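Data block for final23.cif (mmCIF, C-alpha atoms):
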data_model
#
loop_
_atom_site.label_atom_id
_atom_site.label_comp_id
_atom_site.auth_asym_id
_atom_site.auth_seq_id
_atom_site.Cartn_x
_atom_site.Cartn_y
_atom_site.Cartn_z
CA MET A 15 123.97 183.40 -36.76
CA SER A 16 127.02 182.07 -34.92
CA PHE A 17 128.76 184.28 -32.35
CA PHE A 18 132.10 182.85 -33.43
CA GLN A 19 132.87 183.76 -37.01
CA VAL A 20 135.97 183.43 -39.14
CA ASN A 21 136.73 184.93 -42.52
CA ILE A 22 137.90 183.07 -45.60
CA GLN A 23 141.53 183.20 -44.41
CA CYS A 24 140.93 180.39 -41.88
CA ASN A 25 143.00 177.42 -43.05
CA GLY A 26 142.19 175.03 -40.20
CA CYS A 27 145.66 175.17 -38.59
CA LEU A 28 144.07 174.59 -35.12
CA ALA A 29 146.14 177.30 -33.37
CA CYS A 30 142.91 178.72 -31.90
CA ILE A 31 141.81 175.35 -30.57
CA GLN A 32 145.18 174.59 -29.00
CA ASN A 33 145.25 178.00 -27.31
CA CYS A 34 141.68 178.18 -25.99
CA PRO A 35 141.95 177.98 -22.17
CA ALA A 36 138.21 177.40 -21.75
CA GLY A 37 137.82 174.37 -24.01
CA ALA A 38 135.30 176.27 -26.09
CA LEU A 39 136.72 175.25 -29.47
CA GLN A 40 137.03 171.82 -30.99
CA TYR A 41 137.53 170.16 -34.33
CA ILE A 42 136.22 166.99 -35.94
CA ASP A 43 137.98 165.34 -38.86
CA LYS A 44 135.29 163.35 -40.65
CA ASP A 45 135.54 161.77 -44.07
CA ASN A 46 137.18 164.43 -46.21
CA GLN A 47 136.25 167.37 -44.01
CA ARG A 48 137.82 169.21 -41.03
CA ILE A 49 134.94 170.70 -39.02
CA LEU A 50 135.73 173.48 -36.53
CA GLN A 51 133.22 174.13 -33.75
CA HIS A 52 132.65 176.74 -31.01
CA ASN A 53 130.58 176.45 -27.83
CA ILE A 54 129.34 179.85 -26.65
CA THR A 55 128.48 178.68 -23.12
CA ARG A 56 132.06 177.58 -22.50
CA CYS A 57 133.64 180.64 -24.12
CA ALA A 58 135.23 183.10 -21.66
CA ARG A 59 135.62 185.73 -24.44
CA CYS A 60 139.26 186.10 -23.42
CA GLY A 61 140.35 186.71 -27.00
CA HIS A 62 143.37 184.39 -26.92
CA CYS A 63 142.16 182.68 -30.13
CA TRP A 64 141.87 186.03 -31.85
CA ARG A 65 145.32 187.21 -30.70
CA ILE A 66 147.00 183.94 -31.58
CA CYS A 67 145.45 183.32 -35.01
CA PRO A 68 148.32 183.48 -37.55
CA GLN A 69 145.85 184.10 -40.37
CA ASP A 70 143.94 187.01 -38.75
CA ALA A 71 140.87 184.97 -39.56
CA ILE A 72 138.85 185.35 -36.36
CA GLU A 73 136.19 188.06 -36.43
CA PHE A 74 136.16 188.59 -32.68
CA GLN A 75 133.75 191.53 -32.80
CA HIS A 76 130.82 189.11 -33.26
CA LEU A 77 131.54 187.78 -29.74
CA LEU A 78 131.33 191.28 -28.31
CA GLN A 79 128.36 192.76 -30.13
CA SER A 80 125.43 191.03 -31.75
CA ASP A 81 121.71 191.32 -32.39
CA TRP A 82 119.05 190.61 -29.79
CA ASP A 83 117.54 187.14 -29.58
CA THR A 84 113.83 186.97 -28.81
CA PHE A 85 113.34 184.55 -25.91
CA ALA A 86 109.61 185.03 -25.21
CA ASN A 87 106.60 186.60 -26.93
CA LEU A 88 103.71 187.36 -24.55
CA GLU A 89 100.35 189.06 -24.84
CA LEU A 90 100.20 192.56 -23.31
CA VAL A 91 97.73 194.24 -20.96
CA HIS A 92 97.08 197.93 -21.76
CA CYS A 93 95.97 200.78 -19.55
CA ARG A 94 92.23 201.00 -19.95
CA GLU A 95 92.38 204.83 -19.93
CA CYS A 96 95.26 205.66 -22.28
CA ASN A 97 96.07 202.28 -23.85
CA GLU A 98 99.73 202.40 -22.73
CA PRO A 99 101.20 198.88 -22.44
CA ILE A 100 101.74 198.10 -18.75
CA TYR A 101 102.50 194.40 -18.19
CA SER A 102 102.09 190.99 -19.73
CA LEU A 103 98.86 189.03 -19.49
CA PRO A 104 100.45 185.99 -17.75
CA PHE A 105 102.02 188.33 -15.15
CA SER A 106 98.65 189.97 -14.55
CA GLU A 107 96.96 186.57 -14.15
CA LYS A 108 99.67 185.38 -11.73
CA VAL A 109 99.34 188.49 -9.55
CA ASN A 110 95.53 188.36 -9.63
CA GLN A 111 95.60 184.80 -8.30
CA THR A 112 97.22 186.08 -5.12
CA LEU A 113 94.88 189.05 -4.57
CA VAL A 114 91.37 189.24 -3.16
CA GLU A 115 90.45 192.12 -5.42
CA LYS A 116 91.66 192.10 -9.01
CA ILE A 117 94.17 194.77 -10.03
CA GLU A 118 92.85 197.47 -12.31
CA PRO A 119 94.69 197.64 -15.65
CA LEU A 120 95.98 201.18 -15.18
CA CYS A 121 99.30 202.84 -15.96
CA PRO A 122 101.12 204.60 -13.07
CA ASN A 123 99.68 208.01 -14.03
CA HIS A 124 96.09 206.83 -14.20
CA LYS A 125 96.53 204.65 -11.13
CA LYS A 126 97.24 207.85 -9.17
CA SER A 127 94.11 209.57 -10.43
CA TYR A 128 92.14 206.36 -9.87
CA ALA A 129 93.23 206.30 -6.22
CA VAL A 130 92.23 209.95 -5.77
CA SER A 131 88.86 209.34 -7.38
CA ARG A 132 88.28 206.34 -5.09
CA TRP A 133 89.11 208.46 -2.04
CA LYS A 134 86.91 211.26 -3.35
CA HIS A 135 84.08 208.79 -3.82
CA LEU A 136 84.50 207.47 -0.26
CA ILE A 137 84.70 210.98 1.26
CA ASP A 138 81.67 212.24 -0.69
CA ASN A 139 79.58 209.32 0.48
CA ASN A 140 80.88 209.41 4.06
CA PRO A 141 81.19 213.12 5.07
CA ARG A 142 83.67 213.55 7.89
CA GLN A 143 82.14 213.96 11.33
CA GLU A 144 83.22 217.10 13.17
CA PRO A 145 84.98 216.06 16.38
CA ASN A 146 83.07 216.84 19.51
CA LYS A 147 84.33 220.02 21.07
CA PRO A 148 84.93 219.95 24.81
CA MET B 7 140.37 191.14 -13.70
CA ILE B 8 141.62 188.93 -10.89
CA VAL B 9 145.02 187.51 -11.80
CA ALA B 10 146.34 184.33 -10.22
CA SER B 11 149.20 181.91 -10.79
CA GLN B 12 149.45 178.18 -10.22
CA LYS B 13 151.09 176.81 -7.11
CA PRO B 14 154.12 174.53 -7.63
CA ILE B 15 153.03 171.03 -8.61
CA GLN B 16 154.80 169.37 -5.67
CA GLU B 17 152.96 171.66 -3.23
CA LEU B 18 149.66 170.55 -4.77
CA ALA B 19 150.68 166.88 -4.66
CA ASP B 20 151.62 167.19 -0.98
CA ALA B 21 148.25 168.80 -0.27
CA ILE B 22 146.18 166.05 -1.92
CA ALA B 23 148.35 163.09 -0.87
CA GLY B 24 146.35 160.63 1.19
CA PHE B 25 142.97 161.39 -0.37
CA LYS B 26 141.32 158.81 -2.62
CA GLN B 27 139.04 160.81 -4.91
CA VAL B 28 139.98 164.42 -5.67
CA VAL B 29 137.97 166.71 -7.93
CA CYS B 30 139.83 169.52 -9.68
CA ILE B 31 137.38 172.36 -10.27
CA ALA B 32 138.22 174.96 -12.93
CA CYS B 33 136.67 178.40 -13.07
CA ASP B 34 135.61 179.81 -16.44
CA SER B 35 136.06 183.47 -15.54
CA CYS B 36 139.10 185.62 -14.63
CA VAL B 37 141.51 182.74 -14.01
CA THR B 38 140.67 181.24 -17.41
CA VAL B 39 141.59 184.49 -19.12
CA CYS B 40 144.93 184.74 -17.27
CA LEU B 41 145.73 181.13 -18.22
CA SER B 42 145.88 179.81 -14.65
CA GLY B 43 142.69 178.00 -13.67
CA GLY B 44 140.58 177.44 -16.78
CA LYS B 45 139.46 174.11 -18.18
CA ARG B 46 142.66 173.52 -20.14
CA GLU B 47 145.09 174.40 -17.34
CA THR B 48 143.08 172.43 -14.79
CA GLU B 49 143.03 169.31 -16.95
CA MET B 50 146.78 169.62 -17.58
CA VAL B 51 147.55 169.91 -13.85
CA ALA B 52 145.13 167.08 -13.00
CA LEU B 53 146.93 164.86 -15.50
CA GLU B 54 150.33 165.84 -14.11
CA LEU B 55 149.17 165.10 -10.57
CA THR B 56 148.40 161.49 -11.46
CA HIS B 57 152.14 160.75 -11.78
CA GLU B 58 153.48 158.56 -8.99
CA GLN B 59 156.76 160.47 -8.77
CA TYR B 60 155.10 163.17 -6.62
CA TYR B 61 153.84 160.78 -3.91
CA GLU B 62 155.25 158.38 -1.36
CA GLN B 63 152.08 156.27 -1.58
CA ASN B 64 149.52 155.78 -4.34
CA PRO B 65 148.34 158.97 -6.05
CA PRO B 66 144.68 159.90 -5.62
CA ASN B 67 142.15 159.35 -8.37
CA LEU B 68 141.64 162.73 -10.04
CA THR B 69 138.74 164.05 -12.10
CA SER B 70 138.11 167.58 -13.32
CA CYS B 71 135.14 169.79 -14.12
CA THR B 72 134.48 173.46 -14.85
CA ILE B 73 132.13 175.95 -13.20
CA GLN B 74 131.29 179.21 -14.95
CA ARG B 75 132.02 181.37 -11.89
CA GLN B 76 133.18 179.69 -8.70
CA CYS B 77 132.59 182.86 -6.69
CA GLU B 78 128.79 182.67 -7.13
CA GLN B 79 127.03 180.29 -4.77
CA ASP B 80 123.98 180.01 -7.00
CA LEU B 81 126.04 178.95 -10.02
CA VAL B 82 127.96 176.37 -7.98
CA LYS B 83 124.68 174.97 -6.60
CA GLN B 84 123.32 174.64 -10.15
CA PHE B 85 126.32 172.54 -11.07
CA THR B 86 125.53 168.93 -10.23
CA ASP B 87 128.31 167.07 -11.98
CA PHE B 88 130.33 166.30 -8.84
CA PRO B 89 131.30 162.66 -8.31
CA PRO B 90 129.43 161.25 -5.29
CA ASN B 91 132.48 159.87 -3.53
CA MET B 92 134.83 162.86 -3.69
CA ASP B 93 136.81 163.35 -0.50
CA ALA B 94 138.73 166.53 -1.45
CA ILE B 95 138.34 169.43 -3.84
CA LEU B 96 141.25 171.13 -5.57
CA SER B 97 139.96 174.58 -6.50
CA PHE B 98 141.40 176.38 -9.50
CA GLY B 99 139.37 179.49 -8.73
CA CYS B 100 140.68 182.63 -7.09
CA GLY B 101 140.58 182.97 -3.32
CA ALA B 102 136.94 184.09 -3.50
CA GLY B 103 136.00 181.03 -5.57
CA THR B 104 137.85 178.65 -3.27
CA GLN B 105 136.08 180.08 -0.23
CA THR B 106 132.69 179.86 -1.94
CA LEU B 107 133.29 176.15 -2.57
CA ALA B 108 134.42 175.70 1.05
CA SER B 109 131.22 177.30 2.31
CA LEU B 110 129.09 175.00 0.15
CA PHE B 111 130.97 171.80 1.04
CA PRO B 112 131.47 172.05 4.80
CA ASP B 113 132.45 168.38 5.16
CA ILE B 114 135.03 168.26 2.34
CA PRO B 115 138.48 169.87 2.38
CA VAL B 116 138.81 172.53 -0.32
CA ILE B 117 142.44 173.04 -1.35
CA PRO B 118 143.58 176.11 -3.32
CA ALA B 119 145.54 175.30 -6.47
CA LEU B 120 146.31 178.93 -7.25
CA ASN B 121 147.99 181.86 -5.59
CA THR B 122 145.59 184.75 -6.15
CA THR B 123 147.86 187.66 -6.85
CA PHE B 124 146.40 190.97 -8.01
CA LEU B 125 143.79 192.99 -9.90
CA GLY B 126 145.35 193.55 -13.27
CA ALA B 127 145.06 193.87 -17.01
CA ILE B 128 146.67 192.24 -20.02
CA ASP B 129 149.32 194.59 -21.41
CA GLU B 130 150.48 192.31 -24.20
CA PRO B 131 149.70 188.67 -25.04
CA GLY B 132 150.77 186.58 -22.07
CA VAL B 133 151.68 189.51 -19.78
CA TRP B 134 149.38 190.73 -16.99
CA ARG B 135 150.34 193.63 -14.75
CA GLU B 136 148.86 194.93 -11.53
CA LYS B 137 146.73 198.02 -12.13
CA CYS B 138 144.36 198.35 -9.19
CA HIS B 139 144.80 197.92 -5.46
CA GLY B 140 141.08 198.10 -4.68
CA CYS B 141 141.62 200.88 -2.12
CA GLY B 142 137.96 201.92 -2.25
CA ASP B 143 138.74 205.61 -2.87
CA CYS B 144 139.70 206.05 -6.54
CA ILE B 145 142.01 208.97 -7.44
CA LEU B 146 142.58 208.12 -11.12
CA LEU B 147 140.97 211.41 -12.18
CA TYR B 148 143.89 213.34 -10.66
CA THR B 149 146.65 211.02 -11.82
CA GLY B 150 145.88 210.80 -15.51
CA GLY B 151 144.30 207.36 -15.30
CA ILE B 152 147.42 205.74 -13.81
CA CYS B 153 147.13 204.48 -10.25
CA PRO B 154 150.08 205.31 -7.98
CA VAL B 155 148.61 203.20 -5.16
CA ALA B 156 148.90 200.02 -7.26
CA ARG B 157 151.70 200.87 -9.66
CA CYS B 158 154.18 202.83 -7.54
CA SER B 159 156.27 200.42 -5.46
CA LYS B 160 155.86 202.73 -2.46
CA SER B 161 152.22 203.67 -3.26
CA LEU B 162 153.33 207.30 -3.07
CA LEU B 163 150.59 209.87 -3.54
CA ASN B 164 153.06 212.70 -4.15
CA GLY B 165 155.80 211.26 -6.30
CA PRO B 166 158.13 210.46 -7.85
CA CYS B 167 160.72 209.54 -5.24
CA GLY B 168 164.49 209.59 -5.68
CA GLY B 169 164.46 206.00 -6.89
CA SER B 170 162.98 206.95 -10.25
CA SER B 171 165.51 206.85 -13.06
CA GLU B 172 164.85 207.15 -16.78
CA GLY B 173 161.25 206.13 -16.27
CA LYS B 174 162.11 202.99 -14.30
CA CYS B 175 161.62 202.14 -10.65
CA GLU B 176 164.67 201.31 -8.56
CA VAL B 177 162.95 198.13 -7.35
CA SER B 178 163.23 196.48 -10.77
CA GLU B 179 164.09 197.27 -14.36
CA ASP B 180 160.78 195.62 -15.28
CA ILE B 181 158.74 198.14 -13.29
CA GLU B 182 157.92 201.45 -14.88
CA CYS B 183 157.92 204.43 -12.53
CA ALA B 184 154.21 205.13 -12.06
CA TRP B 185 154.86 208.79 -11.30
CA GLN B 186 156.88 209.23 -14.50
CA LEU B 187 153.92 207.73 -16.38
CA ILE B 188 151.55 210.05 -14.51
CA LEU B 189 153.65 213.12 -15.34
CA ASP B 190 153.86 212.15 -19.01
CA ARG B 191 150.15 211.53 -19.20
CA LEU B 192 149.12 214.73 -17.38
CA THR B 193 151.48 216.69 -19.64
CA ALA B 194 149.83 215.17 -22.71
CA LEU B 195 146.41 216.01 -21.28
CA ASP B 196 147.58 219.56 -20.37
CA ARG B 197 146.43 218.93 -16.79
CA LEU B 198 149.66 219.48 -14.85
CA ASP B 199 147.56 221.53 -12.42
CA TYR B 200 146.47 218.18 -10.97
CA TYR B 201 150.15 217.32 -10.38
CA GLU B 202 150.99 220.65 -8.83
CA LYS B 203 148.32 220.20 -6.17
CA SER B 204 149.58 218.09 -3.25
CA PHE B 205 147.44 215.14 -2.28
CA PRO B 206 146.17 215.39 1.28
CA LEU B 207 146.51 212.39 3.57
CA LYS B 208 144.52 209.54 2.07
CA ASN B 209 141.68 208.05 4.08
CA TRP B 210 142.67 204.40 4.18
CA SER B 211 139.58 203.31 6.09
CA SER B 212 137.96 202.35 2.76
CA ASP B 213 140.93 200.06 2.06
CA ARG B 214 141.54 196.72 3.81
CA PHE B 215 142.61 198.61 6.92
CA GLY B 216 138.97 199.23 7.77
CA GLY B 217 138.36 195.47 7.94
CA PRO B 218 136.74 193.20 5.33
CA ARG B 219 134.53 195.20 3.02
CA THR B 220 130.95 194.54 1.99
CA LEU B 221 128.89 195.88 -0.90
CA ARG B 222 125.12 195.87 -0.52
CA ARG B 223 122.76 196.77 -3.33
CA ASP B 224 118.99 196.71 -3.13
CA LEU B 225 117.72 194.27 -5.74
CA PRO B 226 114.69 195.68 -7.59
CA LEU B 227 112.34 192.79 -6.85
CA GLU B 228 113.19 192.19 -3.20
#
Written form, structure tokens:
Amino acid sequence: MSFFQVNIQCNGCLACIQNCPAGALQYIDKDNQRILQHNITRCARCGHCWRICPQDAIEFQHLLQSDWDTFANLELVHCRECNEPIYSLPFSEKVNQTLVEKIEPLCPNHKKSYAVSRWKHLIDNNPRQEPNKP
Amino acid sequence: MIVASQKPIQELADAIAGFKQVVCIACDSCVTVCLSGGKRETEMVALELTHEQYYEQNPPNLTSCTIQRQCEQDLVKQFTDFPPNMDAILSFGCGAGTQTLASLFPDIPVIPALNTTFLGAIDEPGVWREKCHGCGDCILLYTGGICPVARCSKSLLNGPCGGSSEGKCEVSEDIECAWQLILDRLTALDRLDYYEKSFPLKNWSSDRFGGPRTLRRDLPLE
């Protein structure tokens, strides 16, 4: 769906195009048709077109609020304990390439308990030596 | 929004006289919205500056291009459409944009085409008025959303003064008395208690008087 939308009152007078300070609007007269075009990357959303339009044809709200566009769709890694999604698979692979030991797929909560259990395991297997008393 | 106005055309012609290849760089942000330095205005000025009447010798060759935000180094660096033989840049950005270009092109003169004027808002089509002074210590809560620092000619914190008459400032008929506006607004909000309390001396160290200001934010991934 286009960000720049006009209602049926647009009569192609070109007031919007002449008053756009960003060069974001243009028209093409081809064969029997007048084609009006908008370029969202040039648009400064200043609203001059909307204010100037003698026909009240410009539906400016579409330039200010619109739906979300999906720009990527990536496989997820889940916490192995609670199945909560934590990060994407390509991110995990990229990080693992830089580490000696692979990261455990754990959410922040279970990562904490994992760290404690690792410490507990180390302490249990290596009981602390009492310091020599003088 | 930053509001700027174009310098007189002869001043621009004098500044670029003697150069061979000048690039006029528009900015697609604030100065586009206030109809001073966007693509359309820049192309119009560039065309006007090709007229021989402004020069004693041959006019320079002028081209124009647009950058989304001249005040962001990364965006300017991404833009690669500069002609290779340019020997001067005419910047249609605000003062911040012009200085960003100057920092990125240390060997090329960067000439401002605009007078950067104030932080303002559009009150009606084609009319921008100063609204904010950028003092760094906002008091709008106590003044009904109307800034006396920017909109009172004397920046009075305990106004109005004796120059206020029928809602107008003595400086000009075109200037509304900010303190009259504040009183009207606080009355409508039933918050005249804010008005009855005197403002203490303002700490101006957060304004320009404390030297150039810097904002630092920790970026999440750094």
* Between atom CA of Leu103 of chain A and atom CA of Trp133 of chain A, measure the distance and give it in Å to one decimal. => 27.9 Å
* For atom CA of Tyr60 of chain B and atom CA of Lys13 of chain B, the interatomic separation in Å (one decimal) ->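 Calculated distance between atom CA of Tyr60 of chain B and atom CA of Lys13 of chain B is 14.2 Å.
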* In Å, rounded to a single decimal, give me how far atom CA of Ile31 of chain A is from atom CA of Ile73 of chain B. =>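 These atoms are spaced 19.9 Å apart.
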Taking a cut-off of 7 Å and counting only C-alpha atoms, can you build a table that, for each residue of chain B near chain A, reports the nearest atom pair and how far apart they are in Å (one decimal), sorted by chain then residue number, as a tab-separated table?
residue	atom	partner	partner_atom	distance
B:Asp34	CA	A:Ala58	CA	6.2
B:Ser35	CA	A:Ala58	CA	6.2
B:Thr38	CA	A:Pro35	CA	5.9
B:Val39	CA	A:Cys60	CA	5.1
B:Leu41	CA	A:Pro35	CA	6.3
B:Gly44	CA	A:Ala36	CA	5.5
B:Lys45	CA	A:Ala36	CA	5.0
B:Arg46	CA	A:Pro35	CA	5.0
B:Glu47	CA	A:Pro35	CA	6.8
* Using all atoms listed in the file, find the one residue out of A:Pro119, A:Pro99, A:Pro68, A:Pro104 that sits nearest to Gly26 of chain A. => A:Pro68
* Identify all residues satisfying the PyMOL selection byres ((chain A and resi 72) around 10) in the given file; provide them as a list of chain:residue names. =>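 That expression, the PyMOL selection byres ((chain A and resi 72) around 10), corresponds here to A:Phe18, A:Gln19, A:Val20, A:Asn21, A:Ile22, A:Gln23, A:Cys24, A:Cys30, A:Gly61, A:Cys63, A:Trp64, A:Arg65, A:Ile66, A:Cys67, A:Pro68, A:Gln69, A:Asp70, A:Ala71, A:Glu73, A:Phe74, A:Gln75, A:His76.
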* **Output of the PyMOL selection byres ((chain B and resi 11) around 9), listed as an NGL selection string** => :B and (9-10 or 12-13 or 37 or 40-43 or 119-123)
If I only have part of segment 155-165 of chain B, can you fill in all heavy atoms and write it as a compact mmCIF listing (two decimals), keeping the file's coordinate frame?
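Result written to part06.txt:
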# COMPACT_ATOMS: atom_id res chain seq x y z
N VAL B 155 148.77 204.11 -6.30
CA VAL B 155 148.61 203.20 -5.16
C VAL B 155 149.02 201.79 -5.59
O VAL B 155 149.74 201.08 -4.88
CB VAL B 155 147.16 203.21 -4.64
CG1 VAL B 155 146.99 202.24 -3.47
CG2 VAL B 155 146.75 204.61 -4.23
N ALA B 156 148.59 201.38 -6.79
CA ALA B 156 148.90 200.02 -7.26
C ALA B 156 150.22 199.95 -8.01
O ALA B 156 150.91 198.93 -7.94
CB ALA B 156 147.78 199.52 -8.17
N ARG B 157 150.59 200.99 -8.71
CA ARG B 157 151.70 200.87 -9.66
C ARG B 157 153.00 201.53 -9.20
O ARG B 157 154.03 201.34 -9.84
CB ARG B 157 151.25 201.41 -11.02
CG ARG B 157 150.11 200.56 -11.58
CD ARG B 157 149.50 201.13 -12.84
NE ARG B 157 150.42 201.09 -13.95
CZ ARG B 157 150.10 201.49 -15.18
NH1 ARG B 157 148.88 201.94 -15.42
NH2 ARG B 157 150.98 201.43 -16.16
N CYS B 158 152.95 202.31 -8.13
CA CYS B 158 154.18 202.83 -7.54
C CYS B 158 154.58 201.83 -6.45
O CYS B 158 153.74 201.42 -5.65
CB CYS B 158 153.94 204.21 -6.95
SG CYS B 158 155.29 204.78 -5.88
N SER B 159 155.84 201.43 -6.43
CA SER B 159 156.27 200.42 -5.46
C SER B 159 156.04 200.88 -4.03
O SER B 159 155.84 200.06 -3.13
CB SER B 159 157.75 200.10 -5.66
OG SER B 159 157.95 199.57 -6.95
N LYS B 160 156.08 202.20 -3.81
CA LYS B 160 155.86 202.73 -2.46
C LYS B 160 154.43 203.23 -2.27
O LYS B 160 154.13 203.79 -1.22
CB LYS B 160 156.83 203.88 -2.20
CG LYS B 160 158.30 203.50 -2.18
CD LYS B 160 159.13 204.78 -1.99
CE LYS B 160 160.62 204.46 -1.96
NZ LYS B 160 161.41 205.72 -1.99
N SER B 161 153.59 203.12 -3.29
CA SER B 161 152.22 203.67 -3.26
C SER B 161 152.24 205.16 -2.89
O SER B 161 151.38 205.64 -2.15
CB SER B 161 151.34 202.90 -2.27
OG SER B 161 151.13 201.59 -2.73
N LEU B 162 153.23 205.87 -3.40
CA LEU B 162 153.33 207.30 -3.07
C LEU B 162 152.19 208.07 -3.71
O LEU B 162 151.83 207.84 -4.86
CB LEU B 162 154.65 207.88 -3.58
CG LEU B 162 155.93 207.48 -2.87
CD1 LEU B 162 157.12 208.19 -3.53
CD2 LEU B 162 155.87 207.87 -1.39
N LEU B 163 151.62 209.02 -2.97
CA LEU B 163 150.59 209.87 -3.54
C LEU B 163 151.17 211.19 -4.05
O LEU B 163 150.49 211.94 -4.73
CB LEU B 163 149.50 210.14 -2.49
CG LEU B 163 148.69 208.92 -2.08
CD1 LEU B 163 147.64 209.30 -1.06
CD2 LEU B 163 148.03 208.27 -3.29
N ASN B 164 152.40 211.50 -3.67
CA ASN B 164 153.06 212.70 -4.15
C ASN B 164 154.47 212.31 -4.62
O ASN B 164 155.44 212.48 -3.91
CB ASN B 164 153.12 213.77 -3.06
CG ASN B 164 151.73 214.28 -2.69
OD1 ASN B 164 151.10 215.01 -3.44
ND2 ASN B 164 151.25 213.87 -1.53
N GLY B 165 154.54 211.76 -5.80
CA GLY B 165 155.80 211.26 -6.30
C GLY B 165 156.33 212.11 -7.42
O GLY B 165 155.75 213.15 -7.73
